[in-house]
Structure formats: structure tokens, C-alpha cells
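Enquirer: So that you have it, the file is target.pdb, and it contains PDB, C-alpha atoms:
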```pdb
ATOM      1  CA  MET A  79      -0.901  -8.969 -29.683
ATOM      2  CA  SER A  80      -1.435 -12.126 -31.795
ATOM      3  CA  HIS A  81      -4.746 -13.859 -32.401
ATOM      4  CA  PHE A  82      -3.481 -16.872 -30.431
ATOM      5  CA  THR A  83      -2.582 -14.698 -27.430
ATOM      6  CA  HIS A  84      -6.000 -13.009 -27.537
ATOM      7  CA  GLN A  85      -7.776 -16.341 -27.685
ATOM      8  CA  LYS A  86      -5.782 -17.787 -24.771
ATOM      9  CA  GLU A  87      -6.515 -14.681 -22.718
ATOM     10  CA  PHE A  88     -10.229 -14.896 -23.549
ATOM     11  CA  GLU A  89     -10.352 -18.625 -22.744
ATOM     12  CA  GLY A  90      -8.688 -17.878 -19.410
ATOM     13  CA  ARG A  91     -11.352 -15.311 -18.561
ATOM     14  CA  TYR A  92     -14.123 -17.637 -19.750
ATOM     15  CA  PHE A  93     -12.995 -20.616 -17.663
ATOM     16  CA  GLY A  94     -12.298 -18.272 -14.751
ATOM     17  CA  CYS A  95     -15.941 -17.191 -14.824
ATOM     18  CA  LEU A  96     -17.027 -20.841 -15.128
ATOM     19  CA  LYS A  97     -14.861 -21.764 -12.140
ATOM     20  CA  GLY A  98     -16.411 -18.918 -10.144
ATOM     21  CA  ALA A  99     -19.898 -20.148 -10.961
ATOM     22  CA  LEU A 100     -19.026 -23.712  -9.900
ATOM     23  CA  THR A 101     -17.496 -22.414  -6.674
ATOM     24  CA  CYS A 102     -20.653 -20.474  -5.951
ATOM     25  CA  LEU A 103     -22.737 -23.594  -6.593
ATOM     26  CA  ALA A 104     -20.472 -25.649  -4.317
ATOM     27  CA  ILE A 105     -20.844 -23.132  -1.486
ATOM     28  CA  PHE A 106     -24.600 -23.214  -1.879
ATOM     29  CA  SER A 107     -24.648 -27.043  -1.889
ATOM     30  CA  ALA A 108     -22.394 -27.270   1.175
ATOM     31  CA  THR A 109     -24.602 -24.838   3.036
ATOM     32  CA  GLU A 110     -27.680 -26.825   2.098
ATOM     33  CA  SER A 111     -26.131 -30.128   3.306
ATOM     34  CA  SER A 112     -25.012 -28.876   6.703
ATOM     35  CA  SER A 113     -26.825 -29.867   9.903
ATOM     36  CA  GLU A 114     -27.577 -26.233  10.557
ATOM     37  CA  ALA A 115     -29.359 -26.001   7.235
ATOM     38  CA  ALA A 116     -31.563 -28.903   8.291
ATOM     39  CA  ALA A 117     -32.879 -26.844  11.178
ATOM     40  CA  LYS A 118     -33.120 -23.541   9.354
ATOM     41  CA  LYS A 119     -32.919 -22.986   5.631
ATOM     42  CA  PRO A 120     -30.333 -20.282   4.834
ATOM     43  CA  PRO A 121     -31.115 -17.406   2.471
ATOM     44  CA  PRO A 122     -30.487 -18.230  -1.204
ATOM     45  CA  VAL A 123     -27.039 -17.507  -2.590
ATOM     46  CA  SER A 124     -27.253 -15.415  -5.766
ATOM     47  CA  CYS A 125     -24.547 -15.747  -8.412
ATOM     48  CA  GLU A 126     -26.327 -13.591 -10.973
ATOM     49  CA  VAL A 127     -24.174 -10.779 -12.393
ATOM     50  CA  GLN A 128     -25.931  -7.438 -12.445
ATOM     51  CA  ARG A 129     -25.856  -5.640 -15.784
ATOM     52  CA  SER A 130     -25.856  -1.840 -16.001
ATOM     53  CA  VAL A 131     -26.392   0.884 -18.587
ATOM     54  CA  ALA A 132     -23.196   2.533 -19.823
ATOM     55  CA  ASN A 133     -22.740   6.269 -19.269
ATOM     56  CA  PRO A 134     -19.629   7.065 -21.327
ATOM     57  CA  ILE A 135     -17.924  10.415 -21.808
ATOM     58  CA  ARG A 136     -19.372  12.265 -24.776
ATOM     59  CA  PRO A 137     -17.588  15.122 -26.595
ATOM     60  CA  VAL A 138     -19.682  18.293 -26.505
ATOM     61  CA  VAL A 139     -19.284  21.694 -28.150
ATOM     62  CA  VAL A 140     -19.699  24.413 -25.497
ATOM     63  CA  LEU A 141     -21.521  27.289 -27.176
ATOM     64  CA  PRO A 142     -20.958  30.949 -26.165
ATOM     65  CA  VAL A 143     -23.034  31.871 -23.139
ATOM     66  CA  GLY A 144     -26.139  33.810 -24.093
ATOM     67  CA  THR A 145     -26.372  37.040 -22.113
ATOM     68  CA  GLN A 146     -27.176  40.732 -22.571
ATOM     69  CA  VAL A 147     -25.044  43.851 -22.218
ATOM     70  CA  PHE A 148     -26.566  46.507 -19.974
ATOM     71  CA  GLN A 149     -25.510  49.867 -18.598
ATOM     72  CA  LEU A 150     -24.328  50.458 -15.048
ATOM     73  CA  PRO A 151     -25.618  53.541 -13.159
ATOM     74  CA  ASN A 152     -22.244  55.231 -13.775
ATOM     75  CA  GLY A 153     -22.802  54.923 -17.524
ATOM     76  CA  ARG A 154     -20.331  52.073 -18.058
ATOM     77  CA  PRO A 155     -21.347  48.974 -20.053
ATOM     78  CA  ALA A 156     -21.604  45.684 -18.189
ATOM     79  CA  ASN A 157     -20.468  42.873 -20.466
ATOM     80  CA  PHE A 158     -19.108  39.788 -18.705
ATOM     81  CA  GLN A 159     -19.810  37.176 -21.378
ATOM     82  CA  ALA A 160     -16.152  36.085 -21.547
ATOM     83  CA  ASP A 161     -16.044  35.492 -17.775
ATOM     84  CA  LEU A 162     -19.234  33.426 -17.881
ATOM     85  CA  GLN A 163     -17.825  31.422 -20.787
ATOM     86  CA  SER A 164     -14.741  30.539 -18.758
ATOM     87  CA  MET A 165     -16.915  29.469 -15.820
ATOM     88  CA  LEU A 166     -19.083  27.320 -18.109
ATOM     89  CA  THR A 167     -16.132  25.546 -19.743
ATOM     90  CA  THR A 168     -14.635  24.800 -16.322
ATOM     91  CA  ALA A 169     -17.936  23.397 -15.048
ATOM     92  CA  VAL A 170     -18.365  21.137 -18.090
ATOM     93  CA  THR A 171     -14.766  19.914 -17.790
ATOM     94  CA  ASN A 172     -15.458  18.887 -14.186
ATOM     95  CA  LEU A 173     -18.302  16.604 -15.284
ATOM     96  CA  THR A 174     -17.559  12.894 -15.608
ATOM     97  CA  ASN A 175     -19.658  12.256 -18.730
ATOM     98  CA  PHE A 176     -18.998  15.302 -20.952
ATOM     99  CA  ALA A 177     -15.762  16.570 -22.455
ATOM    100  CA  PRO A 178     -15.593  20.051 -24.056
ATOM    101  CA  THR A 179     -14.473  19.907 -27.680
ATOM    102  CA  GLU A 180     -14.055  22.374 -30.526
ATOM    103  CA  TYR A 181     -16.280  22.576 -33.563
ATOM    104  CA  ASP A 182     -15.653  24.977 -36.418
ATOM    105  CA  PRO A 183     -19.005  26.120 -37.887
ATOM    106  CA  LEU A 184     -17.159  27.510 -40.931
ATOM    107  CA  ILE A 185     -16.196  23.982 -42.042
ATOM    108  CA  PRO A 186     -19.227  22.383 -43.731
ATOM    109  CA  PRO A 187     -19.977  19.047 -42.049
ATOM    110  CA  ARG A 188     -20.602  15.900 -44.038
ATOM    111  CA  PRO A 189     -24.334  15.218 -44.455
ATOM    112  CA  CYS A 190     -24.497  12.448 -41.861
ATOM    113  CA  ASP A 191     -22.075  13.869 -39.289
ATOM    114  CA  SER A 192     -23.544  14.619 -35.870
ATOM    115  CA  HIS A 193     -22.295  16.320 -32.732
ATOM    116  CA  LEU A 194     -23.487  17.495 -29.319
ATOM    117  CA  GLU A 195     -23.802  21.100 -28.213
ATOM    118  CA  LEU A 196     -24.174  22.482 -24.695
ATOM    119  CA  LYS A 197     -26.029  25.760 -24.452
ATOM    120  CA  ALA A 198     -26.286  28.136 -21.464
ATOM    121  CA  THR A 199     -28.321  31.355 -21.363
ATOM    122  CA  VAL A 200     -28.711  33.998 -18.668
ATOM    123  CA  SER A 201     -32.462  34.655 -18.685
ATOM    124  CA  SER A 202     -32.500  37.189 -15.816
ATOM    125  CA  PHE A 203     -29.852  39.298 -14.110
ATOM    126  CA  GLN A 204     -31.495  41.864 -11.868
ATOM    127  CA  LEU A 205     -29.981  43.813  -8.992
ATOM    128  CA  ASP A 206     -32.249  46.081  -6.915
ATOM    129  CA  ALA A 207     -31.196  49.281  -5.133
ATOM    130  CA  VAL A 208     -34.182  49.200  -2.774
ATOM    131  CA  GLN A 209     -33.336  52.349  -0.826
ATOM    132  CA  LEU A 210     -32.795  54.386  -3.992
ATOM    133  CA  GLY A 211     -35.721  52.854  -5.845
ATOM    134  CA  PHE A 212     -34.086  51.560  -9.017
ATOM    135  CA  SER A 213     -32.856  48.299 -10.557
ATOM    136  CA  ILE A 214     -30.141  47.390 -13.056
ATOM    137  CA  GLY A 215     -29.691  44.450 -15.383
ATOM    138  CA  PHE A 216     -32.152  42.633 -17.632
ATOM    139  CA  ASN A 217     -34.990  40.112 -17.564
ATOM    140  CA  PRO A 218     -36.951  38.130 -20.191
ATOM    141  CA  GLN A 219     -38.744  41.345 -21.178
ATOM    142  CA  GLY A 220     -35.454  43.072 -22.024
ATOM    143  CA  THR A 221     -33.035  45.569 -20.462
ATOM    144  CA  ILE A 222     -34.280  47.273 -17.316
ATOM    145  CA  PRO A 223     -34.678  51.065 -17.861
ATOM    146  CA  LEU A 224     -31.437  52.773 -16.935
ATOM    147  CA  VAL A 225     -30.931  55.118 -14.010
ATOM    148  CA  THR A 226     -27.746  57.172 -14.393
ATOM    149  CA  GLY A 227     -25.707  59.513 -12.237
ATOM    150  CA  VAL A 228     -24.923  57.052  -9.435
ATOM    151  CA  THR A 229     -21.153  56.989  -8.952
ATOM    152  CA  GLY A 230     -20.638  56.156  -5.302
ATOM    153  CA  LYS A 231     -21.280  53.240  -2.981
ATOM    154  CA  THR A 232     -24.687  51.659  -3.344
ATOM    155  CA  GLN A 233     -26.379  48.843  -1.434
ATOM    156  CA  LEU A 234     -27.848  46.286  -3.844
ATOM    157  CA  ASN A 235     -29.981  43.196  -3.357
ATOM    158  CA  VAL A 236     -29.958  40.270  -5.761
ATOM    159  CA  GLY A 237     -33.446  40.399  -7.215
ATOM    160  CA  ASN A 238     -33.230  37.510  -9.676
ATOM    161  CA  ILE A 239     -30.352  35.734 -11.389
ATOM    162  CA  SER A 240     -31.512  32.774 -13.469
ATOM    163  CA  MET A 241     -29.920  30.612 -16.161
ATOM    164  CA  ASP A 242     -31.187  27.943 -18.547
ATOM    165  CA  PHE A 243     -29.087  25.024 -19.802
ATOM    166  CA  ALA A 244     -29.568  22.418 -22.531
ATOM    167  CA  VAL A 245     -27.736  19.632 -24.383
ATOM    168  CA  LEU A 246     -28.611  19.403 -28.073
ATOM    169  CA  SER A 247     -27.948  16.675 -30.632
ATOM    170  CA  CYS A 248     -27.193  18.247 -34.016
ATOM    171  CA  SER A 249     -27.131  16.599 -37.435
ATOM    172  CA  GLN A 250     -27.563  17.963 -40.954
ATOM    173  CA  GLY A 251     -28.107  21.476 -39.621
ATOM    174  CA  VAL A 252     -30.922  20.481 -37.259
ATOM    175  CA  CYS A 253     -30.493  20.434 -33.473
ATOM    176  CA  THR A 254     -32.813  18.632 -31.051
ATOM    177  CA  SER A 255     -32.841  19.266 -27.314
ATOM    178  CA  ILE A 256     -32.006  16.084 -25.396
ATOM    179  CA  ALA A 257     -31.681  17.314 -21.810
ATOM    180  CA  ALA A 258     -32.510  20.636 -20.156
ATOM    181  CA  ALA A 259     -32.088  22.247 -16.732
ATOM    182  CA  SER A 260     -32.337  25.609 -15.002
ATOM    183  CA  ALA A 261     -30.769  27.172 -11.915
ATOM    184  CA  ASN A 262     -31.055  30.451 -10.019
ATOM    185  CA  HIS A 263     -29.491  32.348  -7.120
ATOM    186  CA  VAL A 264     -32.062  31.006  -4.633
ATOM    187  CA  ALA A 265     -30.951  27.418  -5.276
ATOM    188  CA  VAL A 266     -27.312  28.256  -4.498
ATOM    189  CA  GLY A 267     -27.709  30.370  -1.386
ATOM    190  CA  GLY A 268     -30.780  32.548  -1.482
ATOM    191  CA  SER A 269     -31.133  36.301  -1.672
ATOM    192  CA  ILE A 270     -28.085  38.320  -0.690
ATOM    193  CA  SER A 271     -27.191  41.962  -0.217
ATOM    194  CA  LEU A 272     -23.944  43.507  -1.408
ATOM    195  CA  GLU A 273     -22.312  46.897  -1.546
ATOM    196  CA  VAL A 274     -21.057  48.109  -4.917
ATOM    197  CA  ASP A 275     -18.850  51.157  -5.374
ATOM    198  CA  PHE A 276     -19.748  52.408  -8.841
ATOM    199  CA  GLY A 277     -16.893  54.846  -8.606
ATOM    200  CA  MET A 278     -14.512  51.861  -8.744
ATOM    201  CA  ILE A 279     -16.414  49.704 -11.246
ATOM    202  CA  SER A 280     -15.297  50.766 -14.728
ATOM    203  CA  LEU A 281     -15.752  47.471 -16.604
ATOM    204  CA  GLY A 282     -18.484  44.853 -16.561
ATOM    205  CA  PRO A 283     -16.202  41.986 -15.419
ATOM    206  CA  GLN A 284     -15.281  43.993 -12.316
ATOM    207  CA  LEU A 285     -18.887  43.627 -11.197
ATOM    208  CA  LEU A 286     -18.199  39.886 -10.931
ATOM    209  CA  LEU A 287     -14.574  39.964  -9.797
ATOM    210  CA  ASN A 288     -14.921  42.606  -7.072
ATOM    211  CA  THR A 289     -18.234  41.488  -5.556
ATOM    212  CA  PRO A 290     -19.873  38.222  -4.392
ATOM    213  CA  LEU A 291     -21.686  38.090  -7.754
ATOM    214  CA  GLY A 292     -18.813  36.121  -9.303
ATOM    215  CA  ASP A 293     -19.202  33.340  -6.771
ATOM    216  CA  ILE A 294     -22.982  33.311  -7.254
ATOM    217  CA  MET A 295     -22.665  32.975 -11.044
ATOM    218  CA  ARG A 296     -20.074  30.215 -10.676
ATOM    219  CA  LYS A 297     -22.389  28.236  -8.374
ATOM    220  CA  ILE A 298     -25.414  28.722 -10.647
ATOM    221  CA  ILE A 299     -23.454  27.470 -13.668
ATOM    222  CA  SER A 300     -22.074  24.506 -11.747
ATOM    223  CA  LEU A 301     -25.544  23.532 -10.514
ATOM    224  CA  GLY A 302     -27.086  23.796 -13.982
ATOM    225  CA  VAL A 303     -24.357  21.802 -15.704
ATOM    226  CA  THR A 304     -24.396  19.130 -12.989
ATOM    227  CA  SER A 305     -28.162  18.775 -13.464
ATOM    228  CA  LEU A 306     -27.569  18.076 -17.155
ATOM    229  CA  GLY A 307     -24.969  15.437 -16.246
ATOM    230  CA  VAL A 308     -27.474  13.421 -14.183
ATOM    231  CA  SER A 309     -30.471  13.845 -16.479
ATOM    232  CA  ASN A 310     -32.616  10.769 -17.095
ATOM    233  CA  HIS A 311     -32.460  11.609 -20.802
ATOM    234  CA  LEU A 312     -28.727  10.966 -21.162
ATOM    235  CA  ASN A 313     -29.481   7.562 -22.658
ATOM    236  CA  GLU A 314     -30.959   9.406 -25.642
ATOM    237  CA  ILE A 315     -27.635  11.105 -26.384
ATOM    238  CA  PRO A 316     -25.839   9.288 -29.225
ATOM    239  CA  TRP A 317     -22.560   7.460 -28.579
ATOM    240  CA  GLN A 318     -20.747   4.797 -30.528
ATOM    241  CA  ALA A 319     -17.498   2.815 -30.713
ATOM    242  CA  THR A 320     -16.098   0.373 -33.295
ATOM    243  CA  VAL A 321     -15.470  -3.374 -33.178
ATOM    244  CA  ARG A 322     -11.756  -4.006 -33.773
ATOM    245  CA  GLU A 323     -11.611  -7.805 -33.428
ATOM    246  CA  TYR A 324     -14.026 -10.716 -33.096
ATOM    247  CA  ILE A 325     -13.162 -14.275 -31.976
ATOM    248  CA  PRO A 326     -15.917 -16.634 -33.234
ATOM    249  CA  ALA A 327     -14.740 -19.599 -31.127
ATOM    250  CA  THR A 328     -15.405 -17.759 -27.871
ATOM    251  CA  GLN A 329     -17.906 -15.153 -29.143
ATOM    252  CA  LEU A 330     -15.761 -12.423 -27.669
ATOM    253  CA  LEU A 331     -15.091  -9.071 -29.295
ATOM    254  CA  ILE A 332     -12.856  -6.062 -28.689
ATOM    255  CA  PHE A 333     -14.056  -2.492 -29.260
ATOM    256  CA  ASP A 334     -12.107   0.760 -29.127
ATOM    257  CA  ALA A 335     -13.398   2.418 -25.936
ATOM    258  CA  GLY A 336     -12.308   1.706 -22.362
ATOM    259  CA  ASN A 337     -12.125   3.243 -18.928
ATOM    260  CA  GLN A 338     -10.774   6.497 -20.360
ATOM    261  CA  SER A 339     -14.197   6.772 -21.975
ATOM    262  CA  GLN A 340     -15.824   5.720 -18.676
ATOM    263  CA  ILE A 341     -16.802   2.249 -19.880
ATOM    264  CA  GLY A 342     -17.205  -0.325 -17.098
ATOM    265  CA  VAL A 343     -17.499  -4.098 -16.701
ATOM    266  CA  ASN A 344     -20.938  -5.754 -17.080
ATOM    267  CA  GLN A 345     -22.375  -2.927 -19.173
ATOM    268  CA  VAL A 346     -24.636  -3.961 -22.066
ATOM    269  CA  PHE A 347     -24.156  -2.875 -25.683
ATOM    270  CA  GLU A 348     -25.748  -3.390 -29.085
ATOM    271  CA  ILE A 349     -23.669  -4.398 -32.112
ATOM    272  CA  TYR A 350     -24.663  -3.009 -35.523
ATOM    273  CA  ALA A 351     -23.581  -3.734 -39.091
ATOM    274  CA  PRO A 352     -23.156  -0.717 -41.400
ATOM    275  CA  SER A 353     -24.791  -0.834 -44.803
ATOM    276  CA  GLN A 354     -22.776  -1.612 -47.917
ATOM    277  CA  GLY A 355     -23.452   1.640 -49.718
ATOM    278  CA  PHE A 356     -22.390   5.043 -48.471
ATOM    279  CA  HIS A 357     -22.871   8.124 -50.595
ATOM    280  CA  VAL A 358     -22.093  11.775 -49.947
ATOM    281  CA  ASP A 359     -25.786  12.661 -50.107
ATOM    282  CA  ALA A 360     -27.122   9.694 -48.138
ATOM    283  CA  CYS A 361     -26.666   8.415 -44.592
ATOM    284  CA  GLN A 362     -25.745   4.860 -43.684
ATOM    285  CA  VAL A 363     -28.346   2.371 -42.531
ATOM    286  CA  PHE A 364     -27.593   0.059 -39.609
ATOM    287  CA  GLN A 365     -28.990  -3.307 -38.579
ATOM    288  CA  VAL A 366     -28.700  -4.707 -35.070
ATOM    289  CA  LEU A 367     -26.722  -7.961 -35.046
ATOM    290  CA  ALA A 368     -26.174  -8.863 -31.413
ATOM    291  CA  TYR A 369     -26.194  -7.875 -27.754
ATOM    292  CA  ALA A 370     -23.063  -8.150 -25.628
ATOM    293  CA  HIS A 371     -21.758  -7.177 -22.205
ATOM    294  CA  THR A 372     -18.265  -6.094 -21.211
ATOM    295  CA  THR A 373     -16.137  -8.617 -19.330
ATOM    296  CA  ALA A 374     -12.850  -6.683 -19.153
ATOM    297  CA  VAL A 375     -12.062  -2.982 -19.573
ATOM    298  CA  ASN A 376      -8.648  -1.462 -20.282
ATOM    299  CA  ALA A 377      -7.564   2.134 -20.847
ATOM    300  CA  VAL A 378      -8.686   2.483 -24.463
ATOM    301  CA  SER A 379     -10.353  -0.843 -25.269
ATOM    302  CA  SER A 380     -12.886  -3.281 -23.856
ATOM    303  CA  VAL A 381     -13.612  -7.009 -24.200
ATOM    304  CA  ALA A 382     -17.263  -8.005 -24.522
ATOM    305  CA  GLN A 383     -19.032 -11.369 -24.438
ATOM    306  CA  VAL A 384     -21.832 -11.830 -26.972
ATOM    307  CA  ASP A 385     -25.063 -12.680 -25.131
ATOM    308  CA  LYS A 386     -27.410 -13.052 -28.082
ATOM    309  CA  ILE A 387     -27.174 -13.029 -31.877
ATOM    310  CA  VAL A 388     -30.350 -11.454 -33.274
ATOM    311  CA  GLY A 389     -29.556 -10.562 -36.891
ATOM    312  CA  SER A 390     -27.735 -11.660 -40.004
ATOM    313  CA  ARG A 391     -25.498  -9.789 -42.399
ATOM    314  CA  SER A 392     -27.841 -10.347 -45.346
ATOM    315  CA  GLY A 393     -27.729  -7.237 -47.517
ATOM    316  CA  PHE A 394     -24.949  -5.728 -45.420
ATOM    317  CA  SER A 395     -21.199  -5.474 -45.887
ATOM    318  CA  SER A 396     -19.575  -8.865 -45.288
ATOM    319  CA  SER A 397     -16.233 -10.450 -46.089
ATOM    320  CA  SER A 398     -16.778 -13.711 -44.199
ATOM    321  CA  GLY A 399     -19.498 -15.770 -42.589
ATOM    322  CA  ASP A 400     -18.889 -14.325 -39.101
ATOM    323  CA  PRO A 401     -21.957 -12.633 -37.603
ATOM    324  CA  ILE A 402     -19.764  -9.818 -36.208
ATOM    325  CA  GLN A 403     -16.801  -8.271 -37.989
ATOM    326  CA  PRO A 404     -14.241  -5.490 -37.480
ATOM    327  CA  GLY A 405     -15.815  -2.172 -38.398
ATOM    328  CA  ASP A 406     -19.210  -2.949 -36.880
ATOM    329  CA  LEU A 407     -20.599  -0.316 -34.538
ATOM    330  CA  VAL A 408     -21.054  -0.596 -30.776
ATOM    331  CA  MET A 409     -23.873   1.417 -29.185
ATOM    332  CA  ILE A 410     -25.393   1.644 -25.708
ATOM    333  CA  HIS A 411     -28.262  -0.714 -24.872
ATOM    334  CA  VAL A 412     -30.993   0.349 -22.454
ATOM    335  CA  GLY A 413     -33.363  -2.131 -20.833
ATOM    336  CA  ALA A 414     -33.590  -5.907 -20.928
ATOM    337  CA  ILE A 415     -32.216  -7.921 -23.831
ATOM    338  CA  PRO A 416     -35.225  -8.841 -26.008
TER
END
```
Represent the structure of the file as C-alpha cells.

Expert:
Amino acid sequence: MSHFTHQKEFEGRYFGCLKGALTCLAIFSATESSSEAAAKKPPPVSCEVQRSVANPIRPVVVLPVGTQVFQLPNGRPANFQADLQSMLTTAVTNLTNFAPTEYDPLIPPRPCDSHLELKATVSSFQLDAVQLGFSIGFNPQGTIPLVTGVTGKTQLNVGNISMDFAVLSCSQGVCTSIAAASANHVAVGGSISLEVDFGMISLGPQLLLNTPLGDIMRKIISLGVTSLGVSNHLNEIPWQATVREYIPATQLLIFDAGNQSQIGVNQVFEIYAPSQGFHVDACQVFQVLAYAHTTAVNAVSSVAQVDKIVGSRSGFSSSSGDPIQPGDLVMIHVGAIP
């Protein structure tokens, strides 16, 4: 699309907003001048547009689920890590603000690269055979002492199944926890009793597939991951896009994230200029230039109106006198515009 076409489209949106504001003012004035208004003053008509904080989709590396292998009473090992991993990936995929991605730890990252990791750990998995007086599984203290020789049907109660979850921001080999949550079997349905035939259970995954335990674990994982997705600390998770075009005449810019990234209209962003120098052993420095809010959102791009210019490009990369240029960074703004 040409520069002229962009500018005409932007001017159309600008004057459309101006027309809407004038219409709102006219309605208010007409209401004020009516005879009814003389008797009773109507409530004020607000034309203020509400701004909101963006909550875009962030790529996240789903780490292997932390769990322990323990022995069943029939002597078979119980290892269902792969099943829990599948449940975790499915739960993260169902979130609206995280997208599972792959990260190869064998490829050395560049010094300033960063990424998100989602971690899930089974802290307790204890089943109690109350009538027979033994338990199986593990807890924070370690594996529960094994009782062997049980090969038939056994009535078990869920003693405690708990998991911990966290989202970590990692850069230069250091990871910092941003959001955390926990969930247990009580939160997803309380204590239950189940019958397990240890003569039929030969592999750990069968303990999940052939009993209600699979459904319990799936619900615990879903609850924990959902709690991460609504954490108040999500604003601390890094996200950025890039300015692709800036129109000085209208102070409108286009950046490369849209509704596929869960960007919406009237969300507020900060615009940053990258530093001139970038070296392999040093990270870039950024300076805030402006605040802007989105006025139109498409599939993979958004249009934003600059609300306030707060910085200059002095000492930063610049090829023209424009305060904002292609290549500048777009980041989420939280709170009022200073």
C-alpha cells in the first residue's frame, strides 16, 4: 500500500473520530436546550474513550514436567511424565495469552536474547490404602516407603496430589520468576476413592489412563495454568513489537502486531528508540520517545495514534528529523500517561 493511500486512510479515521466527537457534543447540547432539560438536568454525556492495558499472546517454552518415579505395590515402576507433559502442553495451548514454542538449549543464545519458560512440578502424589495400612507415591520429603506383594484389587483414597506452576523470564542464563500458582486435588473436586487392580496395571501411565486419576491430573494442570494466565504480574512479562511506518503529518504509526497477537483498539503502548551501537558482548539501550494508543487493529498489524512525545533521538540512531522511525520498539504501557 502506498504512502498516499495510508495517509488518506489515516485522515479518514482521524476526521471520523472528530465527527463522532462533534456529534456527541451536539447531542449533549440538544439535550441541554430541551424544555425537559429545563425542568430536570439530564445526566452528563461522556465521550471519553477508555484506554486499557494490552495483554498480548507471548511465546513460552513449556519445560518438562517435574515429577518422581515411584514403585507400585506389584513392583512395577510408575512413570507418567510423558502423559503429564502432554496434558500441560494442551492446557497452555488453550490459554489466550500464551503460545507454546520450542527452544533448543543446545544452541547458545545471543547475550541479550530473552525468552519465557513455563514450569510445572508435581510436589505431592500420594494414594492411601487405608484398609491395608500403606501408601504409595511421593511427597516433598521423597518417595514413600514401598510396600510390595499387592497384586489384586485395592481400594485407594487420594491423600494429596499437588502441583506448582511458574512463568519465568530468562536472559543471559538467568531466569526470574514472574508469576506463580499452585493447585491440588481438593480444588478440582475434593478427596475421592478409587479401586485399582494392580494385577492389570503393568505400566505407570495405566494408573492414569485406567482410573479417575487421569481426569484429576488434567483438571489440576488446567487450573494451575489458568491461574498463571490471569495473574496480576503478567504486565511484568516482556513483550515487544516493531514500528514499520510513521506518518508525521497525522502522528500515526503502524506496528507489526495485530489481533492474531491479541492486540485490541484503545490499548496504550510506549515507543522506544534503540541505541546506535550494538555489540555481541553488550545489550542495547532504549530510550522512551512517545506514548500512543491503537486506533485500528488488523490481523498482523495495528495503527496507533501518538498521544504524547516525551523524548528526542539525541544520541540514538536517526536518519531523519522524525521523532519516531521504522525500527523503533513498541512495548506495553501500564498506568496513566505521565

Enquirer: Distance CA of Thr373 in chain A-CA of Ile387 in chain A, one decimal place?

Expert: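 Separation of CA of Thr373 in chain A and CA of Ile387 in chain A: 17.3 Å.
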
Enquirer: Scan for residues within 6 Å of the point (-27.5, 27.3, -13.5) in the coordinates of the file, using all atoms listed in the file, and reply as a PyMOL selection string.

Expert: chain A and resi 241+260-262+298-299+301-302

Enquirer: Please, what distance in Å, to one decimal, runs between CA of Leu407 in chain A and CA of Val303 in chain A?

Expert: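 Computing it gives 29.3 Å between the two atoms.
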
Enquirer: Evaluate the PyMOL selection byres ((chain A and resi 163) around 12) and record the selected residues as a list in words, following the chain and residue labels used in the document.

Expert: Val140, Leu141, Pro142, Val143, Gly144, Thr145, Asn157, Phe158, Gln159, Ala160, Asp161, Leu162, Ser164, Met165, Leu166, Thr167, Thr168, Ala169, Val170, Leu196, Lys197, Ala198, Thr199, Val200, Pro283, Met295, Arg296 and Ile299 of chain A

Enquirer: Closest to Gln233 in chain A among A:Leu291, A:Ile349, A:Val208, A:Ile214, using all atoms listed in the file?

Expert: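 Smallest distance to Gln233 in chain A is found for A:Val208.
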
Enquirer: When the PyMOL selection byres ((chain A and resi 314) around 12) is applied to the structure above, which residues does it catch, written out as a ChimeraX atom specification?

Expert: /A:131-133,136,194,245-247,254-257,309-313,315-317,409-412

Enquirer: Emit the selected residues as a PDB file, keeping the file's coordinate frame, including C-alpha atoms.

Expert:
```pdb
ATOM      1  CA  VAL A 131     -26.392   0.884 -18.587  1.00  0.00           C
ATOM      2  CA  ALA A 132     -23.196   2.533 -19.823  1.00  0.00           C
ATOM      3  CA  ASN A 133     -22.740   6.269 -19.269  1.00  0.00           C
ATOM      4  CA  ARG A 136     -19.372  12.265 -24.776  1.00  0.00           C
ATOM      5  CA  LEU A 194     -23.487  17.495 -29.319  1.00  0.00           C
ATOM      6  CA  VAL A 245     -27.736  19.632 -24.383  1.00  0.00           C
ATOM      7  CA  LEU A 246     -28.611  19.403 -28.073  1.00  0.00           C
ATOM      8  CA  SER A 247     -27.948  16.675 -30.632  1.00  0.00           C
ATOM      9  CA  THR A 254     -32.813  18.632 -31.051  1.00  0.00           C
ATOM     10  CA  SER A 255     -32.841  19.266 -27.314  1.00  0.00           C
ATOM     11  CA  ILE A 256     -32.006  16.084 -25.396  1.00  0.00           C
ATOM     12  CA  ALA A 257     -31.681  17.314 -21.810  1.00  0.00           C
ATOM     13  CA  SER A 309     -30.471  13.845 -16.479  1.00  0.00           C
ATOM     14  CA  ASN A 310     -32.616  10.769 -17.095  1.00  0.00           C
ATOM     15  CA  HIS A 311     -32.460  11.609 -20.802  1.00  0.00           C
ATOM     16  CA  LEU A 312     -28.727  10.966 -21.162  1.00  0.00           C
ATOM     17  CA  ASN A 313     -29.481   7.562 -22.658  1.00  0.00           C
ATOM     18  CA  ILE A 315     -27.635  11.105 -26.384  1.00  0.00           C
ATOM     19  CA  PRO A 316     -25.839   9.288 -29.225  1.00  0.00           C
ATOM     20  CA  TRP A 317     -22.560   7.460 -28.579  1.00  0.00           C
ATOM     21  CA  MET A 409     -23.873   1.417 -29.185  1.00  0.00           C
ATOM     22  CA  ILE A 410     -25.393   1.644 -25.708  1.00  0.00           C
ATOM     23  CA  HIS A 411     -28.262  -0.714 -24.872  1.00  0.00           C
ATOM     24  CA  VAL A 412     -30.993   0.349 -22.454  1.00  0.00           C
TER      25      VAL A 412
END
```

Enquirer: Smallest atom-to-atom distance to Val225 in chain A: which of A:His263, A:Arg391, A:Arg154, A:His193, using only C-alpha atoms?

Expert: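 The shortest atom-to-atom distance to Val225 in chain A comes from A:Arg154.
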
Enquirer: Interatomic distance between CA of Ser305 in chain A and CA of Val266 in chain A?

Expert: 13.1 Å

Enquirer: Hey, can you pull every residue with an atom no more than 9 Å from (-25.7, -2.4, -31.6), using all atoms listed in the file, and send it as a list in words?

Expert: Gln318, Phe347, Glu348, Ile349, Tyr350, Ala351, Phe364, Gln365, Val366, Leu367, Ala368, Tyr369, Ala370, Asp406, Leu407, Val408, Met409, Ile410 and His411 of chain A

Enquirer: What does the PyMOL selection byres ((chain A and resi 135) around 7) select in this file, as a PyMOL selection string?

Expert: chain A and resi 133-134+136-137+174-177+339-340

Enquirer: Which residues are near Gly227 in chain A? Cut-off 8 Å, all atoms listed in the file, ignore same chain within fewer than 5 positions. Put them as number ranges by chain.

Expert: A: 151-153

Enquirer: Would you kindly return, as a VMD selection string, each protein, DNA or RNA residue with an atom no farther than 9 Å from any atom of Thr221 in chain A, considering all atoms listed in the file and excluding same-chain residues fewer than 3 positions away?

Expert: chain A and resid 146 to 149 214 to 218 224

Enquirer: Please determine an axis-aligned box that encloses all atoms of range 219-225 of chain A listed in the file, with 6 Å added on each side, and express its centre and edge lengths in Å to one decimal as AutoDock Vina command-line options.

Expert:
```
--center_x -34.8 --center_y 48.2 --center_z -18.0 --size_x 19.8 --size_y 25.8 --size_z 20.0
```
